[in-house]
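Presented below is the structure to which this report refers.
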Amino acid sequence: MKKSFNFDVKGALARSMKTITSQGYSLNLAGFGGGFQSDGETAEFDYVKANESMREFILSVIDDGEYYIIFDELDEDYRDVLNPDRRDSYFELLISLFKAVQVIRTDFSNSNTNIRPVIFLRDDIFDLCRDVDKNKWLDRAVTLNWTESQLRELVHFRLARAIESKSEKVDDALSSWDEIFAVRKTSIGANRRGAIDTFKYLTSRTFLRPRDIISHVRECAKIALSKNHEQISNSDIKDAASGHSAYMRREIVDELFPVLDDVAEVLGVLSKIRKPIFTRKEFNDRYREFVNQNPSAKKPLTESQILKLLFHFNVIGNITSGNHRVFAYDSDTKTMNMDENMCIHNGLIHSLDIL
């Protein structure tokens, strides 16, 4: 690429792209015996002709290897979670990307080239895309949902690697766990009379994402090492709650900040409620206090808008009539019920000083 197109693929790709799409740029296809010159009469780059030249060039020089083109972090430009306009430039570009990938798959599927473009996108954003070809995209889509059993298998595998296991698959699912953890049950409740499967206890304080559970186990190991324990005990798990909760809060702040500037202050509103389970009225009262105490702040979001945001990012969930907790990450509808009581995620309880 560098030799043929004279641009820096690794160091300055964005700047190089501006160069090759400028008026008068020539695609000098080294080794292909051809090129492409933009029309000097117009200031626009002819992408159709350029794409055809690029396609022919790739077909002439590509080997029999397998190439993946990864499109990730597409949610970084997604800002309006509450009122998405499906006609705005963000969704237009997103739909164009899906169409481009579809074309590439079709164009190269008839040749011997193994070029596989892959798009990673949050399902809530994908649901907002509207196009006649959407069902065709779904035919090739893979939904990445992590169940508790899959996370358990992943953790066992990672633990097996940590203790230098050479097997590619852990035959005894509990062997690596028992070598690291001293307990399979963790006490719960005010008087510690109840008990729950230790892995369930750990995952209940995550968003069921691999990085969350790995971080939680790592925090437990850190506490155990500080006490010179050979294995992670119940007390180590409980003492790791504060550090893990701080990690979860940092994750939330990073994800919410692009759409909510005063995310730290809003989390402070939850802290002032001082309860893990609260009513809509209790939140509204505290949030209005915050707004009244900050009259110079830019126009704040309404109480319902804030609650929808907090639910969307799994800070809070609903308490159903059967006392079941429902969060966006484990809900099919991903819609908050404003008429039900609300709860703060277990993983955030310590970092919000709600005990």
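Each chain in the structure tokens gets a letter, A, B and so on, in the order shown; residues start at 1 in every chain, and ligands are counted from 1 in the order they appear.
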
Any chance you could list, as a count of residues only, the residues in stretch 35-252 of chain A that come up helix (DSSP H, G or I) when DSSP is run on the backbone?
112

With only C-alpha atoms as the counted atoms, please give the residues lying no more than 9 Å from A:Asp64, apart from itself and same-chain residues fewer than 4 positions off, as a PyMOL selection string.
chain A and resi 112-114

Print the selection's residues with C-alpha atoms to a file, as an mmCIF file, in the first residue's frame.
```cif
data_model
loop_
_atom_site.group_PDB
_atom_site.id
_atom_site.type_symbol
_atom_site.label_atom_id
_atom_site.label_comp_id
_atom_site.auth_asym_id
_atom_site.auth_seq_id
_atom_site.Cartn_x
_atom_site.Cartn_y
_atom_site.Cartn_z
ATOM 1 C CA ASN A 112 -10.496 -16.444 -4.784
ATOM 2 C CA THR A 113 -9.750 -13.548 -2.442
ATOM 3 C CA ASN A 114 -10.490 -13.847 1.273
#
```

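The residue that comes closest to A:Asp261, out of A:Val217, A:Leu352, A:Ala297, A:Leu128 and on the basis of only C-alpha atoms, is A:Ala297.
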
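The coordinates place atom CA of A:Val253 at 28.4 Å from atom CA of A:Ser235.
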
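When only C-alpha atoms are used to measure the gap to A:Ser331, the shortest distance among A:Pro258, A:Phe207, A:Asp88, A:Lys298 belongs to A:Phe207.
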
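Nearest-residue note for A:Asn110: choosing from A:Phe98, A:Asp285, A:Leu59, A:Gly322, the minimum distance belongs to A:Leu59, counting only C-alpha atoms.
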
Mind checking which residues fall within 8 Å of stretch 184-188 of chain A, counting only C-alpha atoms, ignoring those fewer than 4 positions away in the same chain, and posting them as a ChimeraX atom specification?
/A:178,192-199,201,234

Writer output for current selection, C-alpha atoms, as an mmCIF file, in the first residue's frame:
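And here's again_30.cif as it stands now:
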```
data_model
loop_
_atom_site.group_PDB
_atom_site.id
_atom_site.type_symbol
_atom_site.label_atom_id
_atom_site.label_comp_id
_atom_site.auth_asym_id
_atom_site.auth_seq_id
_atom_site.Cartn_x
_atom_site.Cartn_y
_atom_site.Cartn_z
ATOM 1 C CA ASP A 178 -10.540 -24.399 43.192
ATOM 2 C CA ARG A 192 -24.361 -13.241 56.558
ATOM 3 C CA ARG A 193 -26.716 -16.188 57.074
ATOM 4 C CA GLY A 194 -27.468 -16.720 53.419
ATOM 5 C CA ALA A 195 -25.061 -18.032 50.802
ATOM 6 C CA ILE A 196 -24.790 -17.795 47.039
ATOM 7 C CA ASP A 197 -22.565 -19.399 44.436
ATOM 8 C CA THR A 198 -19.367 -17.326 44.484
ATOM 9 C CA PHE A 199 -19.255 -16.896 40.721
ATOM 10 C CA TYR A 201 -21.978 -13.259 43.460
ATOM 11 C CA ASN A 234 -14.633 -14.912 51.434
#
```

Set the distance at 10 Å and use only C-alpha atoms: which residues neighbour A:Tyr68 once local chain neighbours fewer than 3 positions away are removed? I'd like the list as an mmCIF file with C-alpha atoms, in the first residue's frame.
```
data_model
loop_
_atom_site.group_PDB
_atom_site.id
_atom_site.type_symbol
_atom_site.label_atom_id
_atom_site.label_comp_id
_atom_site.auth_asym_id
_atom_site.auth_seq_id
_atom_site.Cartn_x
_atom_site.Cartn_y
_atom_site.Cartn_z
ATOM 1 C CA PHE A 71 -14.769 -1.403 11.901
ATOM 2 C CA ASN A 114 -10.490 -13.847 1.273
ATOM 3 C CA ILE A 115 -11.368 -10.289 2.268
ATOM 4 C CA ARG A 116 -13.811 -10.183 5.158
ATOM 5 C CA PRO A 117 -15.022 -6.783 6.395
ATOM 6 C CA VAL A 118 -16.533 -6.960 9.896
#
```
